[in-house]
Structure formats: C-alpha cells, structure tokens
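To be precise, the following lines are input17.tsv, and they hold TSV, C-alpha atoms and all ligand atoms.
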chain	number	residue	atom	x	y	z
A	143	MET	CA	-22.55	6.79	-11.42
A	144	LEU	CA	-19.92	6.54	-8.70
A	145	GLY	CA	-20.12	10.30	-8.18
A	146	LEU	CA	-16.44	10.48	-7.34
A	147	LYS	CA	-15.11	13.80	-6.12
A	148	THR	CA	-11.55	13.42	-7.36
A	149	SER	CA	-9.43	15.46	-9.72
A	150	VAL	CA	-7.03	12.83	-11.10
A	151	ILE	CA	-7.46	9.40	-9.54
A	152	GLY	CA	-10.56	7.61	-10.79
A	153	LYS	CA	-11.23	9.81	-13.83
A	154	ARG	CA	-11.55	6.46	-15.51
A	155	VAL	CA	-12.26	3.12	-13.84
A	156	ILE	CA	-11.85	-0.21	-15.61
A	157	TYR	CA	-13.60	-3.09	-13.92
A	158	TYR	CA	-13.14	-6.85	-14.30
A	159	GLN	CA	-14.98	-9.65	-12.58
A	160	GLU	CA	-11.79	-11.65	-12.69
A	161	ILE	CA	-8.31	-10.88	-13.94
A	162	SER	CA	-4.83	-12.28	-13.40
A	163	SER	CA	-3.50	-9.25	-11.54
A	164	THR	CA	-4.69	-5.64	-11.72
A	165	ASN	CA	-1.04	-4.54	-11.63
A	166	ASP	CA	-0.28	-6.59	-14.75
A	167	VAL	CA	-3.25	-5.09	-16.61
A	168	ALA	CA	-2.28	-1.59	-15.49
A	169	LYS	CA	1.26	-2.15	-16.72
A	170	SER	CA	0.13	-3.34	-20.14
A	171	LEU	CA	-2.51	-0.69	-20.91
A	172	ASP	CA	-1.78	2.64	-22.53
A	173	VAL	CA	-4.13	4.80	-20.46
A	174	GLU	CA	-4.33	8.28	-19.05
A	175	GLU	CA	-3.00	9.15	-15.61
A	176	GLY	CA	-5.41	8.37	-12.80
A	177	THR	CA	-6.97	5.36	-14.49
A	178	VAL	CA	-7.95	2.72	-11.95
A	179	ILE	CA	-8.10	-0.99	-12.70
A	180	ILE	CA	-10.26	-2.94	-10.25
A	181	ALA	CA	-11.29	-6.58	-10.09
A	182	ASP	CA	-13.60	-8.67	-7.92
A	183	ARG	CA	-11.06	-11.48	-7.95
A	184	GLN	CA	-7.48	-11.91	-9.02
A	185	ALA	CA	-6.34	-15.30	-10.24
A	186	ARG	CA	-2.67	-14.41	-9.80
A	187	GLY	CA	-2.52	-11.54	-7.35
A	188	ARG	CA	1.08	-10.72	-6.50
A	189	GLY	CA	2.83	-9.31	-3.50
A	190	ARG	CA	6.39	-8.08	-3.30
A	191	LEU	CA	9.17	-10.49	-4.16
A	192	ASN	CA	6.67	-12.31	-6.39
A	193	ARG	CA	4.83	-13.74	-3.43
A	194	GLU	CA	1.25	-14.83	-3.87
A	195	TRP	CA	-1.44	-12.34	-2.88
A	196	ILE	CA	-4.70	-14.12	-2.11
A	197	SER	CA	-7.53	-12.14	-3.70
A	198	PRO	CA	-11.00	-13.70	-3.43
A	199	GLU	CA	-14.26	-11.82	-3.99
A	200	GLY	CA	-15.13	-9.38	-1.21
A	201	GLY	CA	-11.78	-7.58	-1.03
A	202	LEU	CA	-10.54	-4.46	-2.74
A	203	TRP	CA	-7.96	-5.32	-5.39
A	204	LEU	CA	-7.00	-2.35	-7.49
A	205	SER	CA	-4.20	-0.57	-9.29
A	206	VAL	CA	-3.85	3.12	-10.05
A	207	VAL	CA	-1.86	4.31	-13.07
A	208	LEU	CA	0.23	7.34	-12.15
A	209	LYS	CA	2.62	9.39	-14.27
A	210	PRO	CA	4.27	11.60	-11.66
A	211	LYS	CA	6.64	14.30	-12.83
A	212	VAL	CA	8.94	14.15	-9.82
A	213	GLU	CA	12.61	13.55	-9.07
A	214	PRO	CA	13.64	9.87	-9.30
A	215	GLN	CA	14.33	9.68	-5.55
A	216	ASP	CA	10.70	10.63	-4.87
A	217	ILE	CA	9.19	7.71	-6.81
A	218	PRO	CA	9.54	5.11	-4.00
A	219	LYS	CA	7.51	7.40	-1.70
A	220	ILE	CA	4.39	6.44	-3.65
A	221	VAL	CA	4.22	3.25	-1.60
A	222	PHE	CA	3.62	5.41	1.50
A	223	LEU	CA	0.94	7.38	-0.32
A	224	GLY	CA	-0.93	4.10	-0.85
A	225	ALA	CA	-0.52	3.00	2.76
A	226	ILE	CA	-1.67	6.35	4.16
A	227	GLY	CA	-4.69	6.24	1.84
A	228	VAL	CA	-5.66	2.83	3.22
A	229	VAL	CA	-5.20	3.97	6.83
A	230	ARG	CA	-7.46	6.97	6.15
A	231	MET	CA	-10.08	4.78	4.53
A	232	LEU	CA	-10.00	2.48	7.58
A	233	GLU	CA	-10.23	5.49	9.87
A	234	GLU	CA	-13.58	6.37	8.30
A	235	LEU	CA	-14.76	2.94	9.43
A	236	SER	CA	-13.33	3.65	12.91
A	237	ILE	CA	-10.59	1.08	12.42
A	238	PRO	CA	-7.13	2.13	13.63
A	239	GLY	CA	-4.57	0.96	11.06
A	240	ARG	CA	-0.81	1.35	11.36
A	241	ILE	CA	1.89	1.11	8.72
A	242	LYS	CA	4.45	-1.65	8.88
A	243	TRP	CA	7.45	-0.37	6.93
A	244	PRO	CA	7.54	-0.27	4.01
A	245	ASN	CA	4.35	-1.51	2.39
A	246	ASP	CA	1.87	-3.11	4.75
A	247	VAL	CA	-1.06	-1.83	6.76
A	248	LEU	CA	-1.74	-3.74	9.96
A	249	VAL	CA	-4.61	-3.83	12.40
A	250	ASN	CA	-3.87	-5.52	15.73
A	251	PHE	CA	-0.49	-6.47	14.24
A	252	LYS	CA	-2.22	-8.44	11.48
A	253	LYS	CA	-2.00	-7.62	7.80
A	254	ILE	CA	-5.17	-6.04	6.44
A	255	SER	CA	-3.57	-4.47	3.35
A	256	GLY	CA	-0.49	-4.61	1.17
A	257	ILE	CA	0.85	-2.19	-1.42
A	258	LEU	CA	2.83	-3.14	-4.51
A	259	THR	CA	4.31	-0.34	-6.62
A	260	GLU	CA	5.95	-1.02	-9.96
A	261	LYS	CA	7.57	1.35	-12.44
A	262	VAL	CA	7.31	0.85	-16.20
A	263	GLY	CA	8.65	3.71	-18.30
A	264	GLU	CA	6.91	6.91	-17.22
A	265	LYS	CA	4.17	4.95	-15.46
A	266	VAL	CA	4.14	4.08	-11.80
A	267	ILE	CA	1.57	1.47	-10.90
A	268	LEU	CA	0.19	1.78	-7.39
A	269	GLY	CA	-1.33	-1.60	-6.56
A	270	ILE	CA	-3.41	-1.85	-3.40
A	271	GLY	CA	-5.03	-4.88	-1.83
A	272	VAL	CA	-7.33	-4.58	1.19
A	273	ASN	CA	-9.12	-7.44	2.92
A	274	VAL	CA	-12.64	-6.11	3.41
A	275	ASN	CA	-15.55	-8.60	3.30
A	276	ASN	CA	-13.43	-11.59	2.24
A	277	ASP	CA	-11.97	-14.26	4.47
A	278	ALA	CA	-8.41	-13.17	5.14
A	279	PRO	CA	-5.66	-15.77	5.03
A	280	GLU	CA	-4.14	-17.02	8.25
A	281	ASN	CA	-2.15	-14.24	9.95
A	282	GLY	CA	-4.14	-11.68	7.99
A	283	ILE	CA	-7.28	-9.80	9.02
A	284	ALA	CA	-10.22	-8.26	7.17
A	285	VAL	CA	-12.46	-5.27	7.87
A	286	LYS	CA	-15.35	-7.66	8.53
A	287	ASP	CA	-13.33	-9.41	11.27
A	288	VAL	CA	-12.70	-6.13	13.05
A	289	LEU	CA	-16.26	-4.79	12.78
A	290	ASN	CA	-18.08	-8.12	12.98
A	291	ARG	CA	-20.08	-7.08	9.94
A	292	LYS	CA	-19.65	-6.60	6.23
A	293	VAL	CA	-19.38	-3.10	4.80
A	294	ASP	CA	-20.40	-1.49	1.51
A	295	LEU	CA	-17.46	-2.32	-0.77
A	296	VAL	CA	-18.25	0.39	-3.32
A	297	GLU	CA	-18.35	3.02	-0.57
A	298	ALA	CA	-15.00	1.78	0.73
A	299	PHE	CA	-13.59	1.95	-2.81
A	300	LYS	CA	-14.81	5.52	-3.28
A	301	THR	CA	-13.42	6.61	0.07
A	302	LEU	CA	-10.08	5.07	-0.79
A	303	LEU	CA	-9.90	6.83	-4.17
A	304	GLU	CA	-10.87	10.17	-2.66
A	305	ASN	CA	-8.15	9.86	-0.04
A	306	LEU	CA	-5.56	8.78	-2.62
A	307	ASP	CA	-6.48	11.70	-4.86
A	308	GLU	CA	-5.99	14.17	-2.03
A	309	LEU	CA	-2.68	12.59	-1.05
A	310	TYR	CA	-1.45	12.53	-4.64
A	311	GLU	CA	-1.96	16.27	-4.89
A	312	ILE	CA	0.09	16.73	-1.71
A	313	TYR	CA	2.74	14.34	-3.00
A	314	LEU	CA	3.24	16.18	-6.29
A	315	GLU	CA	3.76	19.44	-4.45
A	316	SER	CA	5.74	18.14	-1.54
A	317	PRO	CA	6.87	14.48	-1.57
A	318	GLU	CA	8.53	14.94	1.82
A	319	THR	CA	5.14	15.67	3.41
A	320	ILE	CA	4.06	12.16	2.42
A	321	VAL	CA	7.06	10.72	4.28
A	322	GLU	CA	6.17	12.80	7.34
A	323	LEU	CA	2.55	11.63	7.27
A	324	ALA	CA	3.68	8.01	6.88
A	325	ARG	CA	6.13	8.35	9.79
A	326	GLU	CA	3.29	9.35	12.12
A	327	LEU	CA	1.40	6.16	11.24
A	328	MET	CA	4.31	3.77	11.34
A	329	ILE	CA	4.95	1.13	13.98
A	330	LEU	CA	8.29	2.26	15.41
A	331	ASN	CA	10.52	1.78	18.44
A	332	VAL	CA	9.99	-1.95	18.40
A	333	PRO	CA	12.55	-4.73	18.05
A	334	VAL	CA	12.66	-6.09	14.52
A	335	LYS	CA	14.52	-8.46	12.27
A	336	VAL	CA	15.32	-7.33	8.74
A	337	ILE	CA	15.64	-10.20	6.31
A	338	GLY	CA	17.45	-9.53	3.06
A	339	ASP	CA	20.79	-10.84	1.96
A	340	GLY	CA	21.31	-11.89	5.55
A	341	GLU	CA	19.44	-11.09	8.74
A	342	ILE	CA	19.97	-8.20	11.08
A	343	THR	CA	18.15	-7.44	14.29
A	344	GLY	CA	17.72	-4.15	16.04
A	345	VAL	CA	15.18	-1.52	16.96
A	346	ALA	CA	13.25	0.23	14.17
A	347	GLU	CA	13.76	3.80	15.34
A	348	GLY	CA	12.29	5.76	12.48
A	349	ILE	CA	12.41	6.54	8.80
A	350	ASP	CA	14.61	9.15	7.20
A	351	GLU	CA	13.53	11.83	4.71
A	352	ASP	CA	13.77	9.35	1.86
A	353	GLY	CA	11.73	6.71	3.65
A	354	ARG	CA	14.66	4.47	4.59
A	355	LEU	CA	14.27	2.52	7.82
A	356	ILE	CA	16.56	3.69	10.61
A	357	LEU	CA	17.65	0.60	12.47
A	358	ARG	CA	19.64	0.69	15.70
A	359	LEU	CA	21.62	-2.51	16.08
A	360	ASP	CA	22.29	-4.07	19.47
A	361	SER	CA	25.87	-2.77	19.19
A	362	GLY	CA	24.53	0.79	19.04
A	363	GLU	CA	25.45	1.19	15.39
A	364	VAL	CA	22.77	2.81	13.22
A	365	ARG	CA	21.99	1.41	9.78
A	366	LYS	CA	19.69	2.75	7.11
A	367	ILE	CA	17.74	0.15	5.18
A	368	LEU	CA	16.44	0.81	1.69
A	369	TYR	CA	13.13	-0.73	0.82
A	370	GLY	CA	14.03	-3.18	-1.85
A	371	ASP	CA	14.20	-6.86	-1.40
A	372	VAL	CA	13.95	-6.84	2.36
A	373	SER	CA	11.25	-8.10	4.71
A	374	LEU	CA	10.64	-6.89	8.22
A	375	ARG	CA	9.58	-9.11	11.10
A	376	PHE	CA	8.57	-7.90	14.54
A	377	LEU	CA	10.31	-9.77	17.35
A	401	LIG	P1	5.66	-10.05	5.15
A	401	LIG	O1	6.85	-10.81	4.64
A	401	LIG	O2	5.84	-9.42	6.46
A	401	LIG	O3	4.36	-10.76	4.99
A	401	LIG	P2	6.32	-8.51	3.07
A	401	LIG	O4	5.95	-7.12	2.76
A	401	LIG	O5	7.75	-8.81	3.20
A	401	LIG	O6	5.51	-8.82	4.29
A	401	LIG	P3	4.96	-9.22	0.87
A	401	LIG	O7	5.62	-9.93	-0.22
A	401	LIG	O8	4.82	-7.76	0.82
A	401	LIG	O9	5.71	-9.56	2.12
A	401	LIG	O10	3.51	-9.76	1.13
A	401	LIG	C1	3.08	-10.96	0.66
A	401	LIG	C2	2.70	-11.78	1.86
A	401	LIG	O11	1.38	-11.41	2.25
A	401	LIG	C3	2.63	-13.24	1.53
A	401	LIG	O12	3.80	-13.84	1.99
A	401	LIG	C4	1.41	-13.76	2.28
A	401	LIG	O13	1.80	-14.39	3.45
A	401	LIG	C5	0.63	-12.55	2.69
A	401	LIG	N1	-0.69	-12.48	2.05
A	401	LIG	C6	-1.11	-12.94	0.85
A	401	LIG	N2	-2.38	-12.61	0.59
A	401	LIG	C7	-2.80	-11.89	1.66
A	401	LIG	C8	-4.02	-11.25	1.99
A	401	LIG	N3	-5.08	-11.25	1.19
A	401	LIG	N4	-4.06	-10.62	3.19
A	401	LIG	C9	-3.02	-10.58	4.04
A	401	LIG	N5	-1.84	-11.17	3.77
A	401	LIG	C10	-1.72	-11.81	2.60
A	402	LIG	C1	2.31	-7.06	-0.55
A	402	LIG	O1	1.91	-7.02	0.61
A	402	LIG	O2	3.33	-7.66	-0.86
A	402	LIG	C2	1.61	-6.28	-1.59
A	402	LIG	C3	0.31	-6.88	-1.99
A	402	LIG	C4	-0.32	-6.09	-3.10
A	402	LIG	C5	-1.62	-6.66	-3.56
A	402	LIG	C6	-2.29	-5.79	-4.57
A	402	LIG	S1	-3.94	-6.35	-4.96
A	402	LIG	C7	-4.01	-5.30	-6.34
A	402	LIG	C8	-2.64	-5.33	-6.98
A	402	LIG	N1	-2.55	-6.44	-7.91
A	402	LIG	C9	-1.64	-7.35	-7.52
A	402	LIG	O3	-1.39	-8.39	-8.13
A	402	LIG	N2	-1.07	-6.96	-6.38
A	402	LIG	C10	-1.59	-5.68	-5.91

Give the structure from this file in structure tokens form.
Amino acid sequence: MLGLKTSVIGKRVIYYQEISSTNDVAKSLDVEEGTVIIADRQARGRGRLNREWISPEGGLWLSVVLKPKVEPQDIPKIVFLGAIGVVRMLEELSIPGRIKWPNDVLVNFKKISGILTEKVGEKVILGIGVNVNNDAPENGIAVKDVLNRKVDLVEAFKTLLENLDELYEIYLESPETIVELARELMILNVPVKVIGDGEITGVAEGIDEDGRLILRLDSGEVRKILYGDVSLRFL
C-alpha cells in the first residue's frame, strides 16, 4: 500500500495512533531488522539525556530496528545516518538542513529534527523525530513554517525511509563514508560551548573519522569530544 522501494528498512511498519515512545516499543519488541515503529503522537517522547521530546500529531515520530553486523566503534555512526537521511528528505522539499553535531538537524539554526539511538543487545534503535505539519516548540521549527504550507506526511515518511535504506546499505559496506557525508552537512568553524562535566568553549573545527568533534580551544589546544552526555551550544 505504501509502495516502498526499500530493501531492508520498512519491510514491516507498525503504526500506532498514540504510544509512549516509539523507541521504547522498538526496544521491547522482538522483530526483524528493518521494522519501523511509527506513531501519530507520543505521550512520552524522549530526547537524549532523558529530555522531553514534544511529539504532537502532524510530525514524524518513528524508530527503526537495526541489527548491524559491524565493529563496535562503528555503532555510534548510526546517529549520522539518521541525520543525513533527514537532511536528504528535507532537500526533496527544497529545504536546506544542516547537522548540528552530534544528533540534531537545524534549519535557520533552529531544530527541525532530533535523533536518538539506543543499543539493546544486538539491536540498535534509530529514533527520529521531525517537525513537519505540527507546531514546533519555541526555538524549534517545522517544515510547515519554512514552506508556509503543510506537506503530505505519508510522502515525507516514504522519502525518509527510502533515503535511510540507501544510507544503511552504504553504512554496512563502509561506515566511514557515512562520517564523510555527515561532515559535509555539519555546521563547522563556528564558536561553540560544549557542556558536559564542565563547560569548554572553542571553535568546532571538524569531526574525526570516528565522528568525534574536533574542538580548538582559545589556547590553541585541540580536544576531541566523544558524543555521550555532552550538549553543544553555538555562541
Ligand atoms: P540541545 O541541548 O541543543 O537542544 P541536545 O541534543 O543536547 O540539543 P537533546 O536532548 O538532544 O538535546 O534534545 C532535546 C531538546 O530538544 C529538549 O531540550 C527540547 O528543548 C528540544 N525539543 C523537544 N521537543 C522538540 C521538538 N519537537 N522540536 C524541536 N526541539 C524539541
Ligand atoms: C534529541 O534531539 O534529543 C532526539 C529526539 C529524538 C526524538 C525521536 S521521536 C521518535 C523517537 N521516539 C522517542 O521517544 N524519541 C525519538
């Protein structure tokens, strides 16, 4: 019925009108690789660091169940796969999205999408939220705000899955290509503050082959930041 042209992602789609969080359902189900959980609304959508993710009807809230046979150090790169997939979906709507390291997609420096990956056993859950026809929270932005019109949500969903499927194939063969593609879309060479244990400021100069942020401090020293429990703020 959807007529999806994908080889792995979207072989099976499980739809809910409302669910707590598609990531939680994806984690709890024993399903084949490529299964997608999607909901119109999430009652308890989550962001990183257990922050609330506001998920009213009109947005795309979905999780993809992956079972990648890759080296452990390649698992975190899946977050980039999600972000690139969203940027490509936006591109088809003529919206220029950029990646804010490590897991956000911004349009006009406002958050249009966030990615939350979680690993449970052999499963990696790729959770993606995109503000489409919904009202975005303050500081966020939705597709409808950029285009001044609503778009076909099912079409956007299909486009996203087709892009993710293509990227997943690339990822399995060459995880480093995903890092390279993400680097091209990332907002870099800007002053930032990294908030983790403490706060450090510097210039986000790039990402290394493992996706770590390369930060040049005011002193000239270069630090590499692992995506974990850190947040990035533009200054
Ligand atoms: P940042 O701290 O820069 O927002 P982050 O990646 O460190 O990004 P996350 O935990 O990933 O923070 O994202 C959750 C944040 O996203 C919440 O703090 C909230 O402000 C914001 N948020 C929640 N729902 C939405 C939404 N639908 N659209 C855009 N932003 C949202
Ligand atoms: C973030 O920016 O911190 C990530 C937000 C991720 C939101 C998506 S919506 C679908 C999936 N289910 C969740 O509860 N979260 C992710």

Point out the residue among A:Val229, A:Gly224, A:Ser163, A:Asn250 with the least atom-to-atom distance to Asn192 in chain A, counting all atoms listed in the file.
->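 Smallest distance to Asn192 in chain A is found for A:Ser163.
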
Please report as a Markdown table every residue of chain A lying within 7 Å of ligand LIG 402 (chain A), along with the nearest atom pair and their distance in Å (one decimal), using all atoms listed in the file.
| residue | atom | partner | partner_atom | distance |
| --- | --- | --- | --- | --- |
| A:Ser163 | CA | A:LIG402 | O3 | 4.1 |
| A:Thr164 | CA | A:LIG402 | N1 | 4.4 |
| A:Asn165 | CA | A:LIG402 | N1 | 4.4 |
| A:Asp166 | CA | A:LIG402 | O3 | 6.9 |
| A:Arg186 | CA | A:LIG402 | O3 | 6.4 |
| A:Gly187 | CA | A:LIG402 | O3 | 3.4 |
| A:Arg188 | CA | A:LIG402 | O3 | 3.8 |
| A:Gly189 | CA | A:LIG402 | O2 | 3.2 |
| A:Arg190 | CA | A:LIG402 | O2 | 3.9 |
| A:Arg193 | CA | A:LIG402 | O2 | 6.8 |
| A:Trp195 | CA | A:LIG402 | C5 | 5.7 |
| A:Ser197 | CA | A:LIG402 | S1 | 6.9 |
| A:Trp203 | CA | A:LIG402 | C7 | 4.1 |
| A:Leu204 | CA | A:LIG402 | C7 | 4.4 |
| A:Ser205 | CA | A:LIG402 | C8 | 5.5 |
| A:Asn245 | CA | A:LIG402 | O1 | 6.3 |
| A:Asp246 | CA | A:LIG402 | O1 | 5.7 |
| A:Ser255 | CA | A:LIG402 | O1 | 6.6 |
| A:Gly256 | CA | A:LIG402 | O1 | 3.4 |
| A:Ile257 | CA | A:LIG402 | C2 | 4.2 |
| A:Leu258 | CA | A:LIG402 | C2 | 4.5 |
| A:Gly269 | CA | A:LIG402 | C8 | 4.0 |
| A:Ile270 | CA | A:LIG402 | C6 | 4.3 |
| A:Gly271 | CA | A:LIG402 | S1 | 3.6 |

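In this comparison, which uses all atoms listed in the file, the residue of A:Val332, A:Val266, A:Leu144, A:Leu355 approaching Pro210 in chain A most closely is A:Val266.
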
Sphere at (-11.3, -3.2, -11.1), radius 6 Å, counting all atoms listed in the file: residues as a list in words |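 Checked against the point, the hits come out as Ile156, Tyr157, Tyr158, Ile179, Ile180, Ala181 and Leu204 of chain A.
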
Edge lengths and centre in Å to one decimal, as JSON, of the axis-aligned box that encloses all listed atoms of range 337-353 of chain A with 3 Å added on every side?
{"center_x": 16.5, "center_y": 0.0, "center_z": 9.4, "size_x": 15.6, "size_y": 29.7, "size_z": 21.1}

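Among the candidates A:Ile226, A:Val262, A:Leu268, A:Ile283, the one nearest to Glu322 in chain A when counting all atoms listed in the file is A:Ile226.
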
Residue nearest ligand LIG 401 (chain A) - candidates A:Val372, A:Ile267, A:Ile320, A:Leu302, atoms counted: all atoms listed in the file = A:Val372

Excluding same-chain residues fewer than 3 positions from Gly176 in chain A, what lies within 9 Å of it counting all atoms listed in the file, as an NGL selection string?
-> :A and (149-155 or 173 or 206-209 or 307)

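Using all atoms listed in the file for every distance, the candidate list A:Ile217, A:Leu314, A:Leu323, A:Met328 yields A:Ile217 as the residue closest to Lys265 in chain A.
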
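Distances to Glu311 in chain A were evaluated for A:Gly263, A:Gly282, A:Ile220, A:Val288 using all atoms listed in the file, and the minimum falls at A:Ile220.
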
Kindly give the distance, in Å, that separates CA of Gln215 in chain A and atom N2 of ligand LIG 401 (chain A), rounded to a single decimal.
->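 Atom-to-atom, CA of Gln215 in chain A to atom N2 of ligand LIG 401 (chain A), that is 28.5 Å.
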
Between atom O9 of ligand LIG 401 (chain A) and CA of Leu306 in chain A lies a distance of 22.0 Å

Length of the CA of Val274 in chain A to CA of Phe251 in chain A vector [Å] |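 CA of Val274 in chain A sits 16.3 Å away from CA of Phe251 in chain A.
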
Quick one: residues within 12 Å of Arg325 in chain A, only C-alpha atoms counted, chain neighbours fewer than 5 positions away excluded, as a list in words?
->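 Contacts, in chain order: Lys219, Phe222, Leu223, Ala225, Ile226, Arg240, Ile241, Lys242, Trp243, Pro244, Glu318, Thr319, Ile320, Leu330, Asn331, Ala346, Glu347, Gly348, Ile349, Asp350, Glu351, Asp352, Gly353, Arg354, Leu355 and Ile356 of chain A.
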
Can I get range 209-219 of chain A with all heavy atoms filled in, as an mmCIF file, in the coordinates of the input?
data_model
loop_
_atom_site.group_PDB
_atom_site.id
_atom_site.type_symbol
_atom_site.label_atom_id
_atom_site.label_comp_id
_atom_site.auth_asym_id
_atom_site.auth_seq_id
_atom_site.Cartn_x
_atom_site.Cartn_y
_atom_site.Cartn_z
ATOM 1 N N LYS A 209 1.495 8.953 -13.417
ATOM 2 C CA LYS A 209 2.620 9.390 -14.270
ATOM 3 C C LYS A 209 3.226 10.628 -13.614
ATOM 4 O O LYS A 209 3.135 11.744 -14.134
ATOM 5 C CB LYS A 209 2.117 9.701 -15.682
ATOM 6 C CG LYS A 209 1.482 8.481 -16.362
ATOM 7 C CD LYS A 209 0.997 8.749 -17.764
ATOM 8 C CE LYS A 209 0.330 7.510 -18.327
ATOM 9 N NZ LYS A 209 -0.250 7.699 -19.661
ATOM 10 N N PRO A 210 3.809 10.435 -12.441
ATOM 11 C CA PRO A 210 4.270 11.600 -11.660
ATOM 12 C C PRO A 210 5.510 12.242 -12.264
ATOM 13 O O PRO A 210 6.469 11.552 -12.611
ATOM 14 C CB PRO A 210 4.586 10.986 -10.297
ATOM 15 C CG PRO A 210 4.891 9.554 -10.578
ATOM 16 C CD PRO A 210 4.100 9.162 -11.778
ATOM 17 N N LYS A 211 5.460 13.557 -12.356
ATOM 18 C CA LYS A 211 6.640 14.300 -12.830
ATOM 19 C C LYS A 211 7.391 14.745 -11.581
ATOM 20 O O LYS A 211 7.187 15.849 -11.070
ATOM 21 C CB LYS A 211 6.202 15.527 -13.638
ATOM 22 C CG LYS A 211 5.268 15.210 -14.797
ATOM 23 C CD LYS A 211 5.996 15.137 -16.118
ATOM 24 C CE LYS A 211 5.096 14.736 -17.261
ATOM 25 N NZ LYS A 211 4.295 13.507 -17.081
ATOM 26 N N VAL A 212 8.190 13.834 -11.045
ATOM 27 C CA VAL A 212 8.940 14.150 -9.820
ATOM 28 C C VAL A 212 10.383 13.676 -9.995
ATOM 29 O O VAL A 212 10.704 12.975 -10.957
ATOM 30 C CB VAL A 212 8.317 13.450 -8.578
ATOM 31 C CG1 VAL A 212 6.935 13.990 -8.276
ATOM 32 C CG2 VAL A 212 8.264 11.925 -8.756
ATOM 33 N N GLU A 213 11.226 14.026 -9.040
ATOM 34 C CA GLU A 213 12.610 13.550 -9.070
ATOM 35 C C GLU A 213 12.627 12.044 -8.837
ATOM 36 O O GLU A 213 11.792 11.535 -8.082
ATOM 37 C CB GLU A 213 13.424 14.234 -7.948
ATOM 38 C CG GLU A 213 13.481 15.748 -8.032
ATOM 39 C CD GLU A 213 14.221 16.227 -9.285
ATOM 40 O OE1 GLU A 213 15.183 15.560 -9.693
ATOM 41 O OE2 GLU A 213 13.802 17.258 -9.855
ATOM 42 N N PRO A 214 13.592 11.337 -9.444
ATOM 43 C CA PRO A 214 13.640 9.870 -9.300
ATOM 44 C C PRO A 214 13.607 9.399 -7.846
ATOM 45 O O PRO A 214 12.984 8.393 -7.525
ATOM 46 C CB PRO A 214 14.954 9.482 -9.975
ATOM 47 C CG PRO A 214 15.280 10.614 -10.893
ATOM 48 C CD PRO A 214 14.648 11.846 -10.332
ATOM 49 N N GLN A 215 14.286 10.152 -6.960
ATOM 50 C CA GLN A 215 14.330 9.680 -5.550
ATOM 51 C C GLN A 215 12.973 9.788 -4.858
ATOM 52 O O GLN A 215 12.787 9.239 -3.772
ATOM 53 C CB GLN A 215 15.418 10.414 -4.747
ATOM 54 C CG GLN A 215 15.104 11.845 -4.401
ATOM 55 C CD GLN A 215 15.639 12.824 -5.456
ATOM 56 O OE1 GLN A 215 15.919 12.457 -6.592
ATOM 57 N NE2 GLN A 215 15.771 14.079 -5.073
ATOM 58 N N ASP A 216 12.025 10.490 -5.495
ATOM 59 C CA ASP A 216 10.700 10.630 -4.870
ATOM 60 C C ASP A 216 9.730 9.519 -5.291
ATOM 61 O O ASP A 216 8.668 9.349 -4.678
ATOM 62 C CB ASP A 216 10.096 11.998 -5.212
ATOM 63 C CG ASP A 216 10.832 13.123 -4.513
ATOM 64 O OD1 ASP A 216 11.304 12.884 -3.386
ATOM 65 O OD2 ASP A 216 10.949 14.218 -5.084
ATOM 66 N N ILE A 217 10.086 8.770 -6.314
ATOM 67 C CA ILE A 217 9.190 7.710 -6.810
ATOM 68 C C ILE A 217 8.861 6.653 -5.730
ATOM 69 O O ILE A 217 7.679 6.318 -5.544
ATOM 70 C CB ILE A 217 9.805 7.019 -8.067
ATOM 71 C CG1 ILE A 217 9.902 8.028 -9.227
ATOM 72 C CG2 ILE A 217 9.026 5.772 -8.472
ATOM 73 C CD1 ILE A 217 8.605 8.342 -9.930
ATOM 74 N N PRO A 218 9.867 6.152 -4.989
ATOM 75 C CA PRO A 218 9.540 5.110 -4.000
ATOM 76 C C PRO A 218 8.557 5.576 -2.918
ATOM 77 O O PRO A 218 7.929 4.750 -2.262
ATOM 78 C CB PRO A 218 10.900 4.766 -3.373
ATOM 79 C CG PRO A 218 11.917 5.228 -4.360
ATOM 80 C CD PRO A 218 11.315 6.427 -5.042
ATOM 81 N N LYS A 219 8.415 6.889 -2.749
ATOM 82 C CA LYS A 219 7.510 7.400 -1.700
ATOM 83 C C LYS A 219 6.051 7.113 -2.015
ATOM 84 O O LYS A 219 5.183 7.235 -1.152
ATOM 85 C CB LYS A 219 7.730 8.912 -1.515
ATOM 86 C CG LYS A 219 9.122 9.206 -0.981
ATOM 87 C CD LYS A 219 9.475 10.668 -0.980
ATOM 88 C CE LYS A 219 10.961 10.800 -0.606
ATOM 89 N NZ LYS A 219 11.585 12.013 -1.098
#
